>>> print(open('final.txt').read())   # compact mmCIF, C-alpha atoms
# COMPACT_ATOMS: atom_id res chain seq x y z
CA MET K 809 -21.42 81.02 14.50
CA THR K 810 -21.50 84.71 15.29
CA LEU K 811 -21.53 85.60 11.59
CA SER K 812 -24.97 84.13 11.05
CA ILE K 813 -26.32 85.65 14.26
CA GLY K 814 -24.98 89.09 13.26
CA LEU K 815 -26.53 88.71 9.82
CA ALA K 816 -29.85 87.67 11.36
CA LEU K 817 -29.83 90.72 13.62
CA LEU K 818 -29.13 93.04 10.68
CA LEU K 819 -31.91 91.46 8.65
CA ALA K 820 -34.36 91.73 11.53
CA ILE K 821 -33.69 95.43 12.03
CA ALA K 822 -33.96 96.18 8.30
CA MET K 823 -37.22 94.19 8.10
CA VAL K 824 -38.83 96.09 10.98
CA VAL K 825 -37.75 99.46 9.57
CA SER K 826 -39.21 98.73 6.14
CA ALA K 827 -42.43 97.40 7.72
CA ILE K 828 -42.80 100.68 9.62
CA MET K 829 -42.21 102.58 6.40
CA ALA K 830 -44.89 100.51 4.67
CA THR K 831 -47.68 101.14 7.16
CA ARG K 832 -46.96 104.47 8.71
CA GLY K 833 -45.96 106.67 5.82
CA ARG K 834 -47.45 109.92 4.77
CA ARG K 835 -45.53 109.07 1.61
CA SER K 836 -47.11 108.00 -1.61
CA LEU K 837 -48.74 104.63 -1.93
CA GLY K 838 -46.13 103.35 -4.36
CA ILE K 839 -43.38 103.64 -1.76
CA SER K 840 -45.52 101.80 0.81
CA ILE K 841 -46.01 98.90 -1.59
CA LEU K 842 -42.30 98.73 -2.38
CA ALA K 843 -41.43 98.77 1.32
CA ALA K 844 -43.77 95.83 1.96
CA GLY K 845 -42.13 93.95 -0.92
CA LEU K 846 -38.71 94.69 0.57
CA ALA K 847 -39.80 93.38 4.00
CA SER K 848 -41.01 90.19 2.33
CA LEU K 849 -37.71 89.76 0.49
CA LEU K 850 -35.69 90.20 3.69
CA ALA K 851 -37.95 87.66 5.39
CA SER K 852 -37.14 85.26 2.57
CA VAL K 853 -33.40 85.59 3.27
CA MET K 854 -34.10 85.00 6.94
CA PHE K 855 -35.96 81.81 6.06
CA LEU K 856 -32.78 80.62 4.39
CA LEU K 857 -30.79 81.33 7.55
CA LEU K 858 -33.35 79.34 9.54
CA GLY K 859 -32.70 76.26 7.39
CA ALA K 860 -35.82 76.27 5.19
CA PRO K 861 -34.82 76.62 1.49
CA ASP K 862 -38.22 75.52 0.14
CA VAL K 863 -40.05 78.18 2.10
CA ALA K 864 -37.46 80.81 1.11
CA MET K 865 -38.01 80.11 -2.59
CA THR K 866 -41.78 80.19 -2.24
CA GLU K 867 -41.77 83.43 -0.25
CA ALA K 868 -39.44 85.15 -2.71
CA ALA K 869 -41.37 84.10 -5.81
CA ILE K 870 -44.95 84.31 -4.60
CA GLY K 871 -44.93 86.51 -1.50
CA SER K 872 -42.56 89.19 -2.72
CA GLY K 873 -42.83 89.09 -6.51
CA LEU K 874 -46.43 88.31 -7.34
CA THR K 875 -48.00 90.27 -4.47
CA THR K 876 -46.05 93.45 -5.30
CA PHE K 877 -47.04 93.11 -8.91
CA LEU K 878 -50.72 92.61 -8.07
CA PHE K 879 -50.63 95.76 -5.94
CA PHE K 880 -49.11 97.82 -8.73
CA PHE K 881 -51.68 96.56 -11.23
CA VAL K 882 -54.57 97.69 -9.06
CA LEU K 883 -52.82 100.95 -8.14
CA GLY K 884 -52.52 101.78 -11.82
CA ARG K 885 -56.24 101.29 -12.28
CA VAL K 886 -57.40 103.45 -9.39
CA ARG K 887 -55.06 106.34 -9.93
CA ARG K 888 -57.55 108.94 -8.84
CA GLY K 889 -58.05 107.69 -5.29
CA GLU K 890 -54.38 107.42 -4.55
CA HIS K 891 -53.78 110.61 -2.61
CA ASP K 892 -55.22 110.58 0.85
CA MET D 197 -31.21 82.77 16.39
CA ALA D 198 -34.71 81.40 16.65
CA MET D 199 -35.40 84.08 19.26
CA ILE D 200 -34.34 86.86 16.90
CA ALA D 201 -36.59 85.55 14.13
CA MET D 202 -39.51 85.03 16.49
CA ALA D 203 -39.18 88.51 18.00
CA SER D 204 -39.06 90.16 14.58
CA GLY D 205 -42.02 88.07 13.44
CA PHE D 206 -44.11 89.19 16.40
CA LEU D 207 -43.09 92.80 15.78
CA LEU D 208 -44.18 92.51 12.15
CA ILE D 209 -47.58 91.18 13.25
CA LEU D 210 -48.06 94.12 15.62
CA ILE D 211 -46.99 96.67 12.99
CA GLY D 212 -49.28 95.11 10.41
CA LEU D 213 -52.25 95.15 12.79
CA PHE D 214 -51.58 98.77 13.69
CA GLY D 215 -51.46 99.74 10.03
CA ALA D 216 -54.65 97.83 9.21
CA LEU D 217 -56.61 99.49 12.00
CA SER D 218 -55.40 103.06 11.77
CA ASN D 219 -55.27 103.78 8.05
CA ARG D 220 -58.22 105.05 6.07
CA ASN D 221 -57.17 104.26 2.52
CA ILE D 222 -58.28 100.76 1.55
CA LEU D 223 -55.09 99.97 -0.35
CA ARG D 224 -52.94 100.88 2.64
CA MET D 225 -54.98 98.52 4.79
CA ILE D 226 -54.35 95.69 2.35
CA VAL D 227 -50.59 96.41 2.37
CA ALA D 228 -50.63 96.21 6.17
CA PHE D 229 -52.41 92.84 6.01
CA ALA D 230 -49.71 91.53 3.68
CA VAL D 231 -47.01 92.62 6.17
CA ALA D 232 -48.84 90.84 9.02
CA ASN D 233 -49.04 87.69 6.87
CA THR D 234 -45.28 87.71 6.44
CA GLY D 235 -44.86 88.06 10.20
CA VAL D 236 -47.06 85.05 10.95
CA ASN D 237 -45.13 82.85 8.53
CA LEU D 238 -41.84 83.95 10.08
CA VAL D 239 -43.00 82.96 13.58
CA LEU D 240 -44.16 79.53 12.35
CA VAL D 241 -40.87 78.68 10.67
CA ALA D 242 -38.86 79.94 13.65
CA VAL D 243 -40.57 77.38 15.91
CA GLY D 244 -39.06 74.49 13.99
CA TYR D 245 -35.45 75.63 14.22
CA MET D 246 -32.89 73.67 16.23
CA ASP D 247 -29.35 74.79 16.89
CA GLY D 248 -26.54 73.14 14.99
CA ARG D 249 -28.73 71.27 12.55
CA THR D 250 -29.40 71.76 8.87
CA ALA D 251 -32.18 71.68 6.29
CA PRO D 252 -34.27 68.49 5.85
CA ILE D 253 -32.91 67.34 2.49
CA LEU D 254 -31.09 64.03 2.12
CA ASN D 255 -28.00 64.18 -0.08
CA GLU D 256 -24.31 63.43 0.39
CA ALA D 257 -24.03 66.11 3.07
CA VAL D 258 -26.78 64.49 5.17
CA PRO D 259 -26.75 60.74 4.44
CA VAL D 260 -29.77 58.65 5.28
CA ALA D 261 -28.24 56.86 8.22
CA GLU D 262 -27.66 59.98 10.34
CA ALA D 263 -30.74 61.89 9.24
CA THR D 264 -32.37 61.78 12.64
CA ALA D 265 -29.47 63.56 14.28
CA ARG D 266 -28.81 66.19 11.64
CA ILE D 267 -32.04 67.73 10.37
CA ILE D 268 -34.55 70.19 11.76
CA ASP D 269 -38.27 69.66 12.06
CA PRO D 270 -39.82 69.50 8.57
CA VAL D 271 -43.50 69.79 9.53
CA PRO D 272 -43.69 73.60 10.15
CA GLN D 273 -42.12 74.16 6.73
CA ALA D 274 -44.85 72.13 5.03
CA LEU D 275 -47.50 74.14 6.88
CA VAL D 276 -45.92 77.47 5.96
CA LEU D 277 -45.70 76.56 2.26
CA THR D 278 -49.46 76.15 2.17
CA ALA D 279 -49.97 79.30 4.25
CA ILE D 280 -47.95 81.51 1.89
CA VAL D 281 -49.88 80.41 -1.19
CA ILE D 282 -53.25 80.86 0.46
CA GLY D 283 -52.17 84.26 1.80
CA VAL D 284 -51.43 85.52 -1.68
CA GLY D 285 -54.81 84.19 -2.86
CA VAL D 286 -56.59 86.14 -0.13
CA THR D 287 -54.63 89.30 -1.00
CA ALA D 288 -55.66 88.97 -4.65
CA LEU D 289 -59.31 88.64 -3.63
CA MET D 290 -59.08 91.71 -1.39
CA LEU D 291 -57.59 93.71 -4.26
CA ALA D 292 -60.37 92.64 -6.64
CA TYR D 293 -62.98 93.77 -4.12
CA ALA D 294 -61.18 97.09 -3.58
CA TYR D 295 -61.27 97.70 -7.33
CA LYS D 296 -65.00 97.01 -7.49
CA LEU D 297 -65.65 99.28 -4.52
CA PHE D 298 -63.73 102.08 -6.19
CA LYS D 299 -65.81 101.60 -9.32
CA THR D 300 -69.06 102.14 -7.47
CA LYS D 301 -68.23 105.22 -5.43
CA GLY D 302 -65.08 106.75 -6.82
CA THR D 303 -63.23 107.04 -3.53
CA LEU D 304 -60.89 104.78 -1.62
CA ASP D 305 -61.52 106.38 1.76
CA ILE D 306 -63.26 103.89 3.98
CA SER D 307 -65.09 106.48 6.05
CA GLN D 308 -67.15 107.40 2.99
CA TYR D 309 -68.75 103.97 2.81
CA THR D 310 -71.57 104.47 5.27
CA ASP D 311 -74.24 102.33 3.61
CA LEU D 312 -74.16 99.68 6.30
CA LYS D 313 -74.17 102.06 9.25
CA TRP D 314 -77.45 102.56 11.04
CA MET O 1488 -58.08 110.51 20.03
CA ILE O 1489 -60.09 107.89 21.86
CA LYS O 1490 -59.74 105.56 18.88
CA ARG O 1491 -55.99 105.91 18.81
CA PHE O 1492 -55.76 105.32 22.55
CA THR O 1493 -57.88 102.15 22.39
CA LEU O 1494 -55.76 100.91 19.50
CA MET O 1495 -52.57 101.40 21.51
CA LEU O 1496 -54.15 99.59 24.45
CA LEU O 1497 -55.08 96.63 22.26
CA LEU O 1498 -51.59 96.43 20.74
CA ALA O 1499 -49.97 96.67 24.18
CA GLY O 1500 -52.13 93.78 25.39
CA LEU O 1501 -51.22 91.66 22.38
CA GLY O 1502 -47.57 92.57 22.84
CA ALA O 1503 -47.69 91.38 26.45
CA ILE O 1504 -49.17 88.03 25.37
CA PHE O 1505 -46.49 87.62 22.71
CA ALA O 1506 -43.71 88.47 25.16
CA GLY O 1507 -45.07 85.91 27.60
CA LEU O 1508 -45.09 83.26 24.86
CA MET O 1509 -41.56 84.07 23.84
CA LEU O 1510 -40.09 83.98 27.33
CA ASP O 1511 -41.48 80.53 28.02
CA TYR O 1512 -40.18 79.08 24.78
CA VAL O 1513 -37.28 76.64 24.88
CA PRO O 1514 -36.13 75.13 21.57
CA ASP O 1515 -36.25 71.36 21.43
CA ALA O 1516 -33.08 69.33 21.80
CA GLU O 1517 -34.32 66.23 19.98
CA LEU O 1518 -36.79 65.80 17.15
CA ASN O 1519 -40.30 65.07 18.36
CA ARG O 1520 -41.91 61.78 17.45
CA THR O 1521 -43.63 62.79 14.24
CA ALA O 1522 -40.50 64.39 12.80
CA ASP O 1523 -38.48 61.41 13.96
CA TYR O 1524 -40.75 59.04 12.04
CA TYR O 1525 -40.54 61.19 8.92
CA ALA O 1526 -36.75 61.42 9.14
CA LYS O 1527 -36.28 57.68 9.53
CA ASN O 1528 -38.78 56.32 7.03
CA THR O 1529 -38.90 58.71 4.09
CA ALA O 1530 -35.97 57.27 2.20
CA ALA O 1531 -36.96 53.66 2.74
CA ASP O 1532 -40.70 53.95 2.14
CA LEU O 1533 -41.01 56.67 -0.45
CA GLY O 1534 -37.59 57.16 -1.98
CA ALA O 1535 -37.77 60.95 -1.96
CA ALA O 1536 -34.69 62.98 -1.01
CA ASN O 1537 -36.58 66.16 -0.13
CA ILE O 1538 -38.49 65.39 3.06
CA VAL O 1539 -40.70 68.49 2.88
CA THR O 1540 -41.89 67.46 -0.60
CA ALA O 1541 -42.63 63.96 0.65
CA ILE O 1542 -44.72 65.38 3.48
CA ILE O 1543 -46.68 67.73 1.23
CA VAL O 1544 -47.40 65.27 -1.55
CA THR O 1545 -47.76 61.94 0.20
CA TYR O 1546 -47.88 61.94 3.97
CA ARG O 1547 -50.20 64.95 4.20
CA GLY O 1548 -51.54 64.88 0.67
CA LEU O 1549 -55.09 65.71 1.71
CA ASP O 1550 -53.96 69.17 2.84
CA THR O 1551 -52.54 69.76 -0.64
CA LEU O 1552 -55.89 68.83 -2.13
CA GLY O 1553 -57.51 71.43 0.12
CA GLU O 1554 -54.98 74.06 -0.88
CA VAL O 1555 -55.46 73.39 -4.58
CA THR O 1556 -59.22 73.73 -4.07
CA VAL O 1557 -58.81 77.07 -2.29
CA LEU O 1558 -56.62 78.41 -5.09
CA PHE O 1559 -59.15 77.28 -7.67
CA LEU O 1560 -61.93 79.05 -5.79
CA THR O 1561 -59.83 82.21 -5.56
CA ALA O 1562 -59.11 82.29 -9.28
CA ALA O 1563 -62.78 81.64 -10.11
CA ILE O 1564 -64.02 84.39 -7.78
CA VAL O 1565 -61.52 86.92 -9.13
CA GLY O 1566 -62.72 86.07 -12.63
CA LEU O 1567 -66.33 86.46 -11.55
CA VAL O 1568 -65.87 89.76 -9.71
CA LEU O 1569 -63.87 91.39 -12.47
CA ALA O 1570 -65.94 90.16 -15.42
CA ARG O 1571 -66.60 92.73 -18.05
CA GLU O 1572 -70.19 93.59 -18.76
CA LYS O 1573 -71.63 91.83 -21.75
CA HIS O 1574 -72.81 94.85 -23.73
CA GLU O 1575 -69.31 96.26 -24.03
CA GLN O 1576 -68.26 93.84 -26.68
CA SER O 1577 -66.74 96.49 -28.92
CA GLN O 1578 -63.03 97.01 -28.81
CA PRO O 1579 -62.13 99.73 -26.30
CA LYS O 1580 -60.21 102.52 -27.91
CA ARG O 1581 -57.01 102.60 -25.94
CA GLU O 1582 -54.06 104.51 -27.18
CA HIS O 1583 -50.96 102.86 -25.90
CA PRO O 1584 -47.52 104.11 -26.78
CA PRO O 1585 -45.62 101.24 -28.38
CA THR O 1586 -43.47 99.40 -25.87
CA GLY O 1587 -39.77 99.82 -26.33
CA GLU O 1588 -37.56 97.63 -28.42
CA LEU O 1589 -35.59 96.57 -25.38
CA LEU O 1590 -38.65 95.07 -23.74
CA THR O 1591 -39.93 93.18 -26.79
CA THR O 1592 -36.57 91.74 -27.75
CA GLY O 1593 -35.77 90.88 -24.15
CA THR O 1594 -39.10 89.09 -23.82
CA ARG O 1595 -38.46 87.04 -26.92
CA LEU O 1596 -35.10 85.98 -25.52
CA LEU O 1597 -36.12 85.37 -21.94
CA LEU O 1598 -39.52 83.75 -22.24
CA PRO O 1599 -38.40 80.25 -23.33
CA LEU O 1600 -35.70 80.29 -20.64
CA ILE O 1601 -38.22 81.22 -17.95
CA LEU O 1602 -40.61 78.47 -19.03
CA LEU O 1603 -37.76 75.95 -19.08
CA PHE O 1604 -36.61 77.00 -15.64
CA GLY O 1605 -40.13 76.68 -14.25
CA ALA O 1606 -40.48 73.20 -15.71
CA TYR O 1607 -37.09 72.24 -14.22
CA VAL O 1608 -38.09 73.44 -10.77
CA PHE O 1609 -41.32 71.52 -10.58
CA SER O 1610 -40.03 68.32 -12.10
CA HIS O 1611 -37.05 68.12 -9.71
CA GLY O 1612 -39.15 68.79 -6.64
CA HIS O 1613 -38.28 65.52 -4.97
CA LEU O 1614 -34.50 66.00 -5.22
CA THR O 1615 -33.72 69.65 -4.56
CA PRO O 1616 -35.60 72.49 -2.87
CA GLY O 1617 -38.43 73.45 -5.12
CA GLY O 1618 -41.59 71.82 -6.29
CA GLY O 1619 -44.96 72.54 -7.79
CA PHE O 1620 -45.84 75.85 -6.17
CA GLN O 1621 -42.53 77.53 -6.88
CA GLY O 1622 -42.47 76.22 -10.46
CA GLY O 1623 -46.02 77.40 -11.04
CA ALA O 1624 -45.15 80.90 -9.81
CA ILE O 1625 -42.19 81.01 -12.22
CA LEU O 1626 -44.47 80.00 -15.10
CA ALA O 1627 -46.90 82.76 -14.14
CA SER O 1628 -44.09 85.30 -14.17
CA GLY O 1629 -43.33 84.30 -17.75
CA MET O 1630 -46.95 85.04 -18.61
CA LEU O 1631 -46.59 88.36 -16.82
CA LEU O 1632 -43.63 89.30 -19.02
CA MET O 1633 -45.75 88.63 -22.08
CA LEU O 1634 -48.57 90.76 -20.70
CA LEU O 1635 -46.18 93.64 -20.10
CA SER O 1636 -44.59 93.63 -23.53
CA HIS O 1637 -47.79 93.23 -25.57
CA PRO O 1638 -50.36 95.23 -23.66
CA LEU O 1639 -52.99 95.35 -26.39
CA ARG O 1640 -53.08 91.72 -27.41
CA ARG O 1641 -56.10 89.71 -26.40
CA PHE O 1642 -55.07 86.41 -24.84
CA GLY O 1643 -57.45 83.49 -24.89
CA HIS O 1644 -58.96 82.54 -21.59
CA ARG O 1645 -59.97 79.16 -22.94
CA THR O 1646 -56.49 77.68 -23.26
CA ILE O 1647 -55.60 78.56 -19.68
CA ALA O 1648 -58.92 77.24 -18.40
CA VAL O 1649 -58.49 73.97 -20.28
CA VAL O 1650 -54.94 73.47 -18.95
CA GLU O 1651 -56.07 74.16 -15.41
CA SER O 1652 -59.04 71.79 -15.57
CA ILE O 1653 -57.06 68.94 -17.08
CA ALA O 1654 -54.27 69.33 -14.51
CA GLY O 1655 -56.74 69.35 -11.64
CA LEU O 1656 -58.59 66.28 -12.92
CA ALA O 1657 -55.33 64.40 -13.44
CA PHE O 1658 -54.25 65.21 -9.88
CA VAL O 1659 -57.46 63.80 -8.40
CA PHE O 1660 -57.35 60.82 -10.76
CA ILE O 1661 -53.83 59.85 -9.64
CA GLY O 1662 -54.97 60.20 -6.06
CA VAL O 1663 -57.87 57.84 -6.61
CA LEU O 1664 -55.55 55.42 -8.42
CA GLY O 1665 -53.56 55.40 -5.20
CA ILE O 1666 -56.60 54.10 -3.34
CA ALA O 1667 -57.20 51.39 -5.95
CA LEU O 1668 -53.64 50.16 -6.47
CA ALA O 1669 -51.68 50.99 -3.30
CA GLY O 1670 -52.05 52.12 0.30
CA GLY O 1671 -54.33 55.12 0.23
CA PHE O 1672 -55.18 58.46 -1.35
CA LEU O 1673 -52.20 60.00 -3.17
CA ASP O 1674 -49.93 57.11 -2.28
CA ASN O 1675 -46.93 57.28 -4.54
CA ARG O 1676 -46.14 53.59 -4.68
CA ILE O 1677 -48.27 53.03 -7.78
CA LEU O 1678 -45.08 53.55 -9.77
CA PRO O 1679 -41.78 51.85 -8.83
CA ILE O 1680 -39.68 53.69 -6.27
CA GLY O 1681 -36.22 53.37 -7.79
CA THR O 1682 -32.97 54.51 -6.20
CA LEU O 1683 -32.63 57.59 -4.02
CA GLY O 1684 -31.37 60.65 -5.88
CA GLU O 1685 -32.27 59.87 -9.47
CA LEU O 1686 -34.69 61.91 -11.53
CA VAL O 1687 -36.99 58.97 -12.26
CA SER O 1688 -37.52 57.82 -8.70
CA ALA O 1689 -39.87 58.30 -5.77
CA GLY O 1690 -42.79 56.68 -7.54
CA ALA O 1691 -45.51 59.09 -8.61
CA ILE O 1692 -44.21 62.19 -6.78
CA PRO O 1693 -42.71 63.93 -9.88
CA LEU O 1694 -45.93 63.28 -11.81
CA ILE O 1695 -48.19 64.60 -9.06
CA TYR O 1696 -46.05 67.66 -8.47
CA SER O 1697 -45.87 68.44 -12.19
CA PHE O 1698 -49.65 68.52 -12.40
CA VAL O 1699 -49.83 70.71 -9.30
CA GLY O 1700 -47.26 73.06 -10.82
CA LEU O 1701 -49.19 73.37 -14.08
CA LYS O 1702 -52.42 74.01 -12.23
CA VAL O 1703 -50.93 76.69 -9.96
CA GLY O 1704 -49.23 78.39 -12.92
CA ALA O 1705 -52.48 78.44 -14.89
CA GLU O 1706 -54.39 79.86 -11.94
CA PHE O 1707 -51.98 82.70 -11.27
CA SER O 1708 -51.87 83.48 -14.99
CA SER O 1709 -55.63 83.68 -15.19
CA MET O 1710 -55.73 85.98 -12.14
CA LEU O 1711 -53.17 88.31 -13.74
CA LEU O 1712 -55.01 88.22 -17.06
CA ASN O 1713 -58.30 89.16 -15.42
CA LEU O 1714 -56.69 92.03 -13.54
CA SER O 1715 -55.01 93.38 -16.66
CA GLU O 1716 -58.18 93.37 -18.71
CA THR O 1717 -60.08 95.71 -16.40
CA GLU O 1718 -60.72 99.14 -17.72
CA GLU O 1719 -58.77 102.16 -16.74
CA LEU O 1720 -61.01 104.18 -14.44
>>> encode(input="final.txt", output="structure tokens")
Amino acid sequence: MTLSIGLALLLAIAMVVSAIMATRGRRSLGISILAAGLASLLASVMFLLLGAPDVAMTEAAIGSGLTTFLFFFVLGRVRRGEHD
Amino acid sequence: MAMIAMASGFLLILIGLFGALSNRNILRMIVAFAVANTGVNLVLVAVGYMDGRTAPILNEAVPVAEATARIIDPVPQALVLTAIVIGVGVTALMLAYAYKLFKTKGTLDISQYTDLKW
Amino acid sequence: MIKRFTLMLLLAGLGAIFAGLMLDYVPDAELNRTADYYAKNTAADLGAANIVTAIIVTYRGLDTLGEVTVLFLTAAIVGLVLAREKHEQSQPKREHPPTGELLTTGTRLLLPLILLFGAYVFSHGHLTPGGGFQGGAILASGMLLMLLSHPLRRFGHRTIAVVESIAGLAFVFIGVLGIALAGGFLDNRILPIGTLGELVSAGAIPLIYSFVGLKVGAEFSSMLLNLSETEEL
């Protein structure tokens, strides 16, 4: 019982840290996008711990994979406006 | 366990809102919206969790006769499936608009778009 | 400075509301009445082993129709917003370095496996976790691999549009058949229910979900195709 609670705590902390990195950074935009994708992936593992395998699969495939790829497509097209 | 997931979901919503309202680059705002979306879905799924029970799929581990005593609430999961797909559709639309905006003015800084200000 | 302060005030207020919600929350001990009904009657009425699939396709099928409509609108609007202007019909002169041998050979090996896996996921949606939306996303990722390894090839929009339209029409047609032959819209008892746990069981649920999977895969593919055909600014 405590194994899953410890794992959930670890996942929650890692998710919040990567979300902060995604929104707050003075880093480049590429790292922000990757951090948001990482937060989504960790949320997908947490969905599995909460007993929802359908939602975990959907979040991993669509929320983490496709969204990150869409962001990188558009980032590649607007390369000039990237540095702010 | 549901409390941990719900607390982290609420934190993600707050972080996403902060990022959407305090950044000036349009792409960073869209990234923050995506993070807030993830947070909302996490809170919704965490509401349906019950201690000691398992996923709502009937197989030899959860036979039909004892389904009522062994599974968690399946309705929030159905809602969240729809919400994730629509969230990614909205993100794709926002990105298409951001691309068109960049094509007209050449900058992604939202304080340069003053056409609608009086 | 004032802006940042007001923002912090707003977030603190929202945080207080969330904390109040969380402190009052007590997880349920028993299933509520709706979930109880779904748990008891899914196997007997519908014959589906995955209760979430049964809810999405049959019990709350009208919501799925709404979601499919929203996705269709999204794909159409992305295609409209990113349409190339008509007078630029000539081939753009893009110099692309040839993609590496690893990528092209890997694509040739992996693409049939990805398509097979996607078809497996959406046809077994009523038995294991999975279903139309996940299978459609896997199909779209196969298309993405092809876009990455052949960046200069022009893919036809017409094939994808035809697949999407036919899948959408078939979905609505099966739903209307449900009104004519069985209980209501998207009722799955138009085909025999069969035994719990087999592939050919649960009436029309595999058929409906397969069409949904094809439609979602075609929509995501068309969105990716439109985004990749924009010019480099």
>>> atom_distance(input="final.txt", atom1="atom CA of O:Gly1534", atom2="atom CA of O:Pro1693")
11.6 Å
>>> atom_distance(input="final.txt", atom1="atom CA of O:Pro1585", atom2="atom CA of K:Leu883")
21.5 Å
>>> interface_residues(input="final.txt", of="chain K", to="chain O", cutoff="9 Å", atoms="all atoms listed in the file", output="list in words")
Ala860, Pro861, Asp862, Val863, Met865, Thr866, Glu867, Ala869, Ile870, Gly873, Leu874, Leu878, Phe881, Val882, Gly884, Arg885, Val886, Arg887 and Arg888 of chain K
>>> write_last_selection(input="final.txt", atoms="C-alpha atoms", output="PDB file, keeping the file's coordinate frame")
ATOM      1  CA  ALA K 860     -35.820  76.270   5.190  1.00  0.00           C
ATOM      2  CA  PRO K 861     -34.820  76.620   1.490  1.00  0.00           C
ATOM      3  CA  ASP K 862     -38.220  75.520   0.140  1.00  0.00           C
ATOM      4  CA  VAL K 863     -40.050  78.180   2.100  1.00  0.00           C
ATOM      5  CA  MET K 865     -38.010  80.110  -2.590  1.00  0.00           C
ATOM      6  CA  THR K 866     -41.780  80.190  -2.240  1.00  0.00           C
ATOM      7  CA  GLU K 867     -41.770  83.430  -0.250  1.00  0.00           C
ATOM      8  CA  ALA K 869     -41.370  84.100  -5.810  1.00  0.00           C
ATOM      9  CA  ILE K 870     -44.950  84.310  -4.600  1.00  0.00           C
ATOM     10  CA  GLY K 873     -42.830  89.090  -6.510  1.00  0.00           C
ATOM     11  CA  LEU K 874     -46.430  88.310  -7.340  1.00  0.00           C
ATOM     12  CA  LEU K 878     -50.720  92.610  -8.070  1.00  0.00           C
ATOM     13  CA  PHE K 881     -51.680  96.560 -11.230  1.00  0.00           C
ATOM     14  CA  VAL K 882     -54.570  97.690  -9.060  1.00  0.00           C
ATOM     15  CA  GLY K 884     -52.520 101.780 -11.820  1.00  0.00           C
ATOM     16  CA  ARG K 885     -56.240 101.290 -12.280  1.00  0.00           C
ATOM     17  CA  VAL K 886     -57.400 103.450  -9.390  1.00  0.00           C
ATOM     18  CA  ARG K 887     -55.060 106.340  -9.930  1.00  0.00           C
ATOM     19  CA  ARG K 888     -57.550 108.940  -8.840  1.00  0.00           C
TER      20      ARG K 888
END
>>> interface_residues(input="final.txt", of="chain K", to="chain D", cutoff="9 Å", atoms="all atoms listed in the file", output="ChimeraX atom specification")
/K:812-813,816-817,820-821,823-824,827-828,830-832,837,840-841,844-845,847-848,851-852,854-855,857-863,866-867,870-871,874-875,878-879,882-883,885-886,888-892
>>> closest_atom_pairs(input="final.txt", of="chain O", to="chain D", cutoff="7 Å", atoms="all atoms listed in the file", output="JSON lines")
{"residue": "O:Leu1498", "atom": "CA", "partner": "D:Leu210", "partner_atom": "CA", "distance": 6.6}
{"residue": "O:Phe1505", "atom": "CA", "partner": "D:Phe206", "partner_atom": "CA", "distance": 6.9}
{"residue": "O:Pro1514", "atom": "CA", "partner": "D:Met246", "partner_atom": "CA", "distance": 6.4}
{"residue": "O:Asp1515", "atom": "CA", "partner": "D:Met246", "partner_atom": "CA", "distance": 6.6}
{"residue": "O:Leu1518", "atom": "CA", "partner": "D:Asp269", "partner_atom": "CA", "distance": 6.6}
{"residue": "O:Ala1522", "atom": "CA", "partner": "D:Asp269", "partner_atom": "CA", "distance": 5.8}
{"residue": "O:Asp1523", "atom": "CA", "partner": "D:Thr264", "partner_atom": "CA", "distance": 6.3}
{"residue": "O:Ala1526", "atom": "CA", "partner": "D:Thr264", "partner_atom": "CA", "distance": 5.6}
{"residue": "O:Lys1527", "atom": "CA", "partner": "D:Thr264", "partner_atom": "CA", "distance": 6.5}
{"residue": "O:Ala1536", "atom": "CA", "partner": "D:Leu254", "partner_atom": "CA", "distance": 4.9}
{"residue": "O:Asn1537", "atom": "CA", "partner": "D:Ile253", "partner_atom": "CA", "distance": 4.7}
{"residue": "O:Ile1538", "atom": "CA", "partner": "D:Pro252", "partner_atom": "CA", "distance": 5.9}
{"residue": "O:Val1539", "atom": "CA", "partner": "D:Pro270", "partner_atom": "CA", "distance": 5.8}
{"residue": "O:Ile1542", "atom": "CA", "partner": "D:Ala274", "partner_atom": "CA", "distance": 6.9}
{"residue": "O:Ile1543", "atom": "CA", "partner": "D:Ala274", "partner_atom": "CA", "distance": 6.1}
{"residue": "O:Glu1554", "atom": "CA", "partner": "D:Thr278", "partner_atom": "CA", "distance": 6.6}
{"residue": "O:Leu1558", "atom": "CA", "partner": "D:Gly285", "partner_atom": "CA", "distance": 6.5}
{"residue": "O:Thr1561", "atom": "CA", "partner": "D:Gly285", "partner_atom": "CA", "distance": 6.0}
{"residue": "O:Val1565", "atom": "CA", "partner": "D:Leu289", "partner_atom": "CA", "distance": 6.2}
{"residue": "O:Val1568", "atom": "CA", "partner": "D:Ala292", "partner_atom": "CA", "distance": 6.9}
{"residue": "O:Leu1569", "atom": "CA", "partner": "D:Ala292", "partner_atom": "CA", "distance": 6.9}
>>> closest_residue(input="final.txt", among="O:Phe1660, O:Phe1609, O:Phe1672, O:Phe1642", to="O:Ser1697", atoms="only C-alpha atoms")
O:Phe1609
>>> residues_around(input="final.txt", residues="O:Leu1656", least_positions_apart="2", cutoff="12 Å", atoms="all atoms listed in the file", output="PyMOL selection string")
chain O and resi 1552+1555-1556+1649-1654+1658-1663+1695+1698-1699+1701-1702
